[in-house]
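A.B. asks: Next up is a structure, given as C-alpha cells.
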Amino acid sequence: MEANKIKLINEDNLRLDGRSFNELRPIKIQAGILNRADGSAYIEWGGNKIMVGVYGPKEAYPKHSQDIDHAIVKARYNMAAFSVDERKRPGPDRRTMEISKVISEALSSSIMIEQFPRAEIDVYIEVLQADAGTRIAGLTAATVALADAGVPMRDMVVGCTAGKVDGHMVLDLSKEEDNYGEADIPIAIMPKTGEIVLMQMDGDVTEDELYQAMDMIFEATKRISQIQREALLNKYKIQDIGEGE
Ligand code: ADP
C-alpha cells in the first residue's frame, strides 16, 4: 500500500477536523431564496456553498428533444471560477458533464416525469464554494428546490458520501480525505423505499467495506432528510407535526 504523507486519522480515532468516523459536517438548507426561479434552495454543507434554481416544467426546447411519454430533467452542475483554490476554468468539462448526467438521472427517478409529456424541467446547480461532496450536496439541495417549485415527486432524494481513509470507513469525506484517502463513495437514495438513485465509487474497497459505507450513509440520510424537511417548513412557516397520519 502506498504510504500516505498526511495522517488523516489520529491516535484517538478522530479525523483532521475533529470528527468521529460517522459524524457529518454541519448542514444548513434554505428553500425559496431566489425570486425569479420557479423554485430554489441554498445549501451549506461543511465548506460547500451551493445555490440551486429550478425552472419548469415547461415545453421542452428544442422540439426534437421532447419525449411524448414524459418530461426530461436537465440538471446542469457548474462550478464558479472562484469555487476552488486555483481558479477553475469556466465552462463544462468532463467532470461537470458527468455530474450533471448522474444528477439528472437521480432526479428523474424521483420526479413524476410521466405527468409532463413533452416538457422539460431545468435544474441549475451553481457551486459557489467547493469542499468535497458537491455532487451530493447539490443533489440534496436540488430536490428541495424542486419541492419549492411544486414539482410532484415520489420522494425527496437525499444522499451522503462515505469512504476509506487511513484504512477506516468514514462518513462525509472532507476535502483532505477526498484528496488523500483510499476511496470515495457517493450514494443518494429515496428514503421511503430505500431505492438507490445515485451510486458511484472512486477507489477500491472490499465488499464488507462497501456495506459499511452504505450502512453509514443510510443512517445519515435520516438526519439530512429532516434538514431538507425543515427548510421547506421554514419557508412556509409551518410547524412540523411529524410524519404522522
Ligand atoms: P465531489 O465534489 O462530488 O466530491 P469530486 O470527488 O470530483 O466531486 O471532487 C472533490 C473535490 O475536489 C470538489 O468538491 C472540489 O473541492 C475539488 N475539485 C473538483 N474539481 C476541481 C477543480 N477543477 N479544481 C480544483 N478543485 C477541484
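Numbering starts fresh at 1 for the residues of each chain in the C-alpha cells, the chains themselves are lettered A, B, ... in the order given, and ligands are numbered from 1 as they appear.
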As a ChimeraX atom specification, please: every protein or nucleic acid residue near ligand 1 (cut-off 6 Å, counting only C-alpha atoms and all ligand atoms).

C.D. replies: /A:84,88,130-135,175

A.B. asks: Pick out the residues sitting within 12 Å of Met112 of chain A, and hand them over as a list in words; count only C-alpha atoms, and ignore anything fewer than 6 positions along from it in its own chain.

C.D. replies: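 Here the answer would be Pro57, Asp69, His70, Ala71, Ile72, Val73, Ala119, Ile121, Leu146, Ala147, Gly150, Val151, Pro152, Met153, Arg154, Asp155 and Met156 of chain A.
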
A.B. asks: What lies within 8 Å of segment 39-51 of chain A using only C-alpha atoms, ignoring chain neighbours under 5 positions off, as a count of residues only?

C.D. replies: 32

A.B. asks: Just asking: which residues within segment 77-201 of chain A are strand (DSSP E) according to DSSP, as a PyMOL selection string?

C.D. replies: chain A and resi 77-79+119-129+158-165+168-171+183-190+195-199

A.B. asks: Would you mind writing down, as a list of chain:residue names, each residue of segment 197-227 of chain A that DSSP on the backbone assigns to helix (DSSP H, G or I)?

C.D. replies: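 Those in segment 197-227 of chain A that DSSP calls helix (DSSP H, G or I) are A:Glu207, A:Asp208, A:Glu209, A:Leu210, A:Tyr211, A:Gln212, A:Ala213, A:Met214, A:Asp215, A:Met216, A:Ile217, A:Phe218, A:Glu219, A:Ala220, A:Thr221, A:Lys222, A:Arg223, A:Ile224, A:Ser225, A:Gln226, A:Ile227.
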
A.B. asks: Which residue is closest to Tyr61 of chain A? Choose from A:Glu230, A:Glu23, A:Glu120, A:Asp17 and count only C-alpha atoms.

C.D. replies: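 So, comparing all the options, the nearest one is A:Glu120.
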
A.B. asks: For Asp215 of chain A, list every protein, DNA or RNA residue within 12 Å, evaluated using only C-alpha atoms, and leave out those in the same chain fewer than 2 positions away; present the list as a list in words.

C.D. replies: Asn22, Cys160, Thr161, Ala162, Gly163, Met169, Val170, Leu171, Ile187, Gly194, Asp208, Glu209, Leu210, Tyr211, Gln212, Ala213, Ile217, Phe218, Glu219, Ala220, Thr221 and Lys222 of chain A

A.B. asks: Restricting the output to C-alpha atoms, write the selected residues as a CSV table (one decimal), in the first residue's frame.

C.D. replies:
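result.csv was written with the following content:
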```
chain,number,residue,atom,x,y,z
A,22,ASN,CA,-19.7,8.5,11.4
A,160,CYS,CA,-24.2,11.4,1.5
A,161,THR,CA,-20.7,10.2,0.8
A,162,ALA,CA,-18.6,7.7,2.7
A,163,GLY,CA,-15.1,6.5,2.0
A,169,MET,CA,-14.5,3.6,6.7
A,170,VAL,CA,-15.7,7.2,7.5
A,171,LEU,CA,-18.8,9.3,6.7
A,187,ILE,CA,-24.8,7.4,-2.7
A,194,GLY,CA,-34.6,2.9,0.1
A,208,ASP,CA,-17.6,-5.7,3.5
A,209,GLU,CA,-16.4,-2.1,3.5
A,210,LEU,CA,-18.9,-1.2,0.8
A,211,TYR,CA,-21.7,-2.5,3.1
A,212,GLN,CA,-20.3,-0.5,6.0
A,213,ALA,CA,-20.3,2.7,3.8
A,217,ILE,CA,-24.9,6.7,4.6
A,218,PHE,CA,-28.4,5.2,5.1
A,219,GLU,CA,-28.3,6.2,8.8
A,220,ALA,CA,-27.0,9.7,8.0
A,221,THR,CA,-29.8,10.3,5.4
A,222,LYS,CA,-32.4,10.3,8.2
```

A.B. asks: If we count only C-alpha atoms, what is near Glu177 of chain A at a cut-off of 7 Å, once residues fewer than 4 positions away on the same chain are taken out, given as a PDB file with C-alpha atoms, in the first residue's frame?

C.D. replies:
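Generated output (result02.pdb):
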```pdb
ATOM      1  CA  LEU A   8      -5.798  11.782   8.285  1.00  0.00           C
ATOM      2  CA  VAL A 165      -9.411   6.950   4.949  1.00  0.00           C
ATOM      3  CA  LEU A 173     -15.419  12.967   3.405  1.00  0.00           C
ATOM      4  CA  GLY A 181      -7.996   8.918   1.170  1.00  0.00           C
TER       5      GLY A 181
END
```

A.B. asks: Compare A:Leu24, A:Met201, A:Leu16, A:Val123 by their minimum atom-to-atom distance to Val54 of chain A, counting only C-alpha atoms, and give me the closest one.

C.D. replies: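 Closest residue, counting only C-alpha atoms: A:Val123.
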
A.B. asks: Separation of atom CA of Val197 of chain A and atom CA of Ala37 of chain A, in Å?

C.D. replies: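 Value for the atom CA of Val197 of chain A-atom CA of Ala37 of chain A distance: 25.2 Å.
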